Amino acid sequence: MIDDVIQIAKEAGSIIRNGFGTNFSVEFKTSETNLVTEIDKASEKLITEFIKKKYPSHGIIAEEGGETKNTSEFIWVVDPLDGTTNFAHGLPIFSVSIGVQKGGETVAGVVYDVMRDVVYSAELGGKAFANGKEIRVSKNANIKRSVLVTGFPYNISENPDHALEKFSALTVVSRAMRRLGSAAIDFCYVAQGIFDGFWEVYLNPWDMCAGKLIVEEAGGLVTDFSGNPTDIFTKKVLATNGLIHREMVKILLEN
Ligand code: IPD
Ligand code: CA
Ligand code: CA
């Protein structure tokens with residue numbers, strides 16, 4: 001199945017790459033900060049039509065189309081374009097994220113980093129890969145030498161869960177803080193040891209399903225802000241190399 005997931009993620013990525021910089025239509029979703037383009041929709045259509053044809057009994061949770069009920073224990077969790085704001089503004093950082101759950105557990109995850117042409121993939125109980133080469137989280141145990149990343153939800157103007165205080169507190173104790181704009185890529189860069197830690201106060205299942213598995217299979221740890229296990233419906237997520245996790249939990253809880 002992982003080969004199918006990789007293939008369809010790459011095909012969706014081609015639609016996105018071909019659409020980048022063109023005159024695509026943009027609509028607002030919940031607000032003027034929350035965009036969807038015709039390319040998000042075209043990517044989702046390709047992926048969901050593939051699933052319906054090849055795995056007709058499987059369920060689908062996809063960002064732009066809602067839910068398709070299933071009769072099997074498999075559910076595909078799809079973000080057809082993660083990083084829509086970047087895409088719409090011409091910033092080449094965005095991805096396709098597809099996770100497959102079986103009985104509520106993620107068994108396969110693929111994130112396609114479109115403009116870098118890198119496929120991140122993992123299967124439960126296996127290893128994590130970038131273009132087929134094994135990846136591992138960083139070995140850095142010192143938060144002062146860490147490069148961290150976060151993202152903000154579309155209602156950041158309301159500062160949910162003190163996201164801005166947490167951002168300030170972690171910025172001043174780390175080597176550097178980044179905000180890339182694609183949560184799925186943030187997870188993968190933790191898995192690859194580029195970042196040491198990633199947190200966000202409000203993520204949707206499609207933002208994290210694949211990325212969470214990829215971090216875990218690369219030797220990292222993914223929990224809520226208290227350090228407790230998460231499922232893909234947990235909104236607050238902390239993903240690290242494991243070594244700086246306790247320190248980040250402490251700071252996230254204090255701020
Ligand atoms: C968003 C991105 C962003 C994160 C937001 C997400 P979208 O997804 O992953 O990095 O900060 O919380 O909603 O809307 O571009 O698919
Ligand atoms: Ca997303
Ligand atoms: Ca999206």
# chains A, B, ... in the order shown; residues from 1 in each chain; ligands from 1
>>> residues_near_ligand(ligand="ligand 2", cutoff="6 Å", atoms="only C-alpha atoms and all ligand atoms", output="list in words")
Asp79, Asp82 and Asp207 of chain A
>>> residues_around(residues="Pro205 in chain A", least_positions_apart="4", cutoff="6 Å", atoms="only C-alpha atoms", output="PyMOL selection string")
chain A and resi 209+232-233
>>> write_last_selection(atoms="N, CA, C and O atoms", output="short mmCIF file (atom, residue, chain, number, x, y, z; two decimals), in the first residue's frame")
data_model
loop_
_atom_site.label_atom_id
_atom_site.label_comp_id
_atom_site.auth_asym_id
_atom_site.auth_seq_id
_atom_site.Cartn_x
_atom_site.Cartn_y
_atom_site.Cartn_z
N CYS A 209 -1.41 13.51 10.59
CA CYS A 209 -1.52 12.05 10.54
C CYS A 209 -0.23 11.41 10.00
O CYS A 209 0.40 10.58 10.67
N ILE A 232 -4.55 11.54 16.36
CA ILE A 232 -4.55 12.61 15.35
C ILE A 232 -5.64 13.64 15.60
O ILE A 232 -5.70 14.67 14.92
N PHE A 233 -6.51 13.38 16.59
CA PHE A 233 -7.57 14.35 16.90
C PHE A 233 -7.18 15.26 18.07
O PHE A 233 -7.93 16.13 18.45
#
>>> residues_around(residues="Glu217 in chain A", least_positions_apart="4", cutoff="8 Å", atoms="only C-alpha atoms", output="list in words")
Ala122, Glu123, Leu124, Gly125, Gly126, Lys127, Ala128 and Leu213 of chain A
>>> write_last_selection(atoms="C-alpha atoms", output="PDB file, in the first residue's frame")
ATOM      1  CA  ALA A 122       7.051   5.567   6.983  1.00  0.00           C
ATOM      2  CA  GLU A 123       5.133   2.433   7.832  1.00  0.00           C
ATOM      3  CA  LEU A 124       4.195   1.451  11.383  1.00  0.00           C
ATOM      4  CA  GLY A 125       6.962  -0.595  12.985  1.00  0.00           C
ATOM      5  CA  GLY A 126       9.391   0.190  10.169  1.00  0.00           C
ATOM      6  CA  LYS A 127      11.829   2.991   9.509  1.00  0.00           C
ATOM      7  CA  ALA A 128      11.371   6.500   8.153  1.00  0.00           C
ATOM      8  CA  LEU A 213       4.184   8.508  12.172  1.00  0.00           C
TER       9      LEU A 213
END
>>> residues_near_ligand(ligand="ligand 3", cutoff="9 Å", atoms="only C-alpha atoms and all ligand atoms", output="list in words")
Leu35, Val36, Asp40, Ala62, Glu63, Glu64, Val78, Asp79, Pro80, Leu81, Asp82, Gly83, Thr84, Ser95, Val96, Ser97, Ser182, Trp206 and Asp207 of chain A
>>> closest_residue(among="A:His162, A:Lys133, A:Arg116, A:Lys41", to="ligand 1", atoms="only C-alpha atoms and all ligand atoms")
A:Lys41
>>> atom_distance(atom1="CA of Glu134 in chain A", atom2="CA of Leu221 in chain A")
17.2 Å
>>> atom_distance(atom1="CA of Arg178 in chain A", atom2="CA of Ser146 in chain A")
11.1 Å
>>> residues_around(residues="Ser14 in chain A", least_positions_apart="2", cutoff="12 Å", atoms="only C-alpha atoms", output="list in words")
Gln7, Ile8, Ala9, Lys10, Glu11, Ala12, Ile16, Arg17, Asn18, Gly19, Phe20, Ile39, Ala42, Ser43, Leu46, Pro80, Leu81, Ser95, Val96, Tyr112, Asp113, Val114, Met115, Arg116 and Asp117 of chain A
>>> select_by_dssp(residues="range 10-242 of chain A", states="helix (DSSP H, G or I)", output="MDAnalysis selection string")
chainID A and resid 10:19 38:54 84:89 143:145 156:158 160:173 183:191 205:217
>>> select_by_dssp(residues="range 16-210 of chain A", states="strand (DSSP E)", output="ChimeraX atom specification")
/A:26-28,35-37,59-62,66-68,74-82,95-102,105-113,118-123,128-130,133-135,147-150,176-178,197-200
>>> closest_residue(among="A:Ser31, A:Asn70, A:Asn23, A:Thr85", to="ligand 1", atoms="only C-alpha atoms and all ligand atoms")
A:Thr85
>>> residues_around(residues="Leu243 in chain A", least_positions_apart="2", cutoff="9 Å", atoms="only C-alpha atoms", output="list of chain:residue names")
A:Ser138, A:Lys139, A:Asn140, A:Ala141, A:Asn142, A:Ile143, A:Asp196, A:Gly220, A:Leu221, A:Thr240, A:Asn241, A:His245, A:Arg246, A:Glu247
>>> write_last_selection(atoms="C-alpha atoms", output="compact mmCIF listing (two decimals), in the first residue's frame")
# COMPACT_ATOMS: atom_id res chain seq x y z
CA SER A 138 18.80 14.73 15.75
CA LYS A 139 20.96 13.68 18.72
CA ASN A 140 20.99 17.11 20.29
CA ALA A 141 19.96 17.14 23.97
CA ASN A 142 20.59 20.84 24.58
CA ILE A 143 17.69 23.23 23.97
CA ASP A 196 15.01 19.45 17.00
CA GLY A 220 11.31 10.89 17.75
CA LEU A 221 8.55 11.50 20.27
CA THR A 240 10.81 16.36 19.13
CA ASN A 241 13.94 14.22 18.94
CA HIS A 245 11.04 16.87 25.04
CA ARG A 246 10.85 17.30 28.83
CA GLU A 247 12.32 20.76 28.71
>>> residues_around(residues="range 151-158 of chain A", least_positions_apart="6", cutoff="10 Å", atoms="only C-alpha atoms", output="number ranges by chain")
A: 30-35, 164, 167, 178-183, 186, 198-204
>>> closest_residue(among="A:Ser121, A:Val111, A:Leu91, A:Ala191", to="Ile135 in chain A", atoms="only C-alpha atoms")
A:Ala191
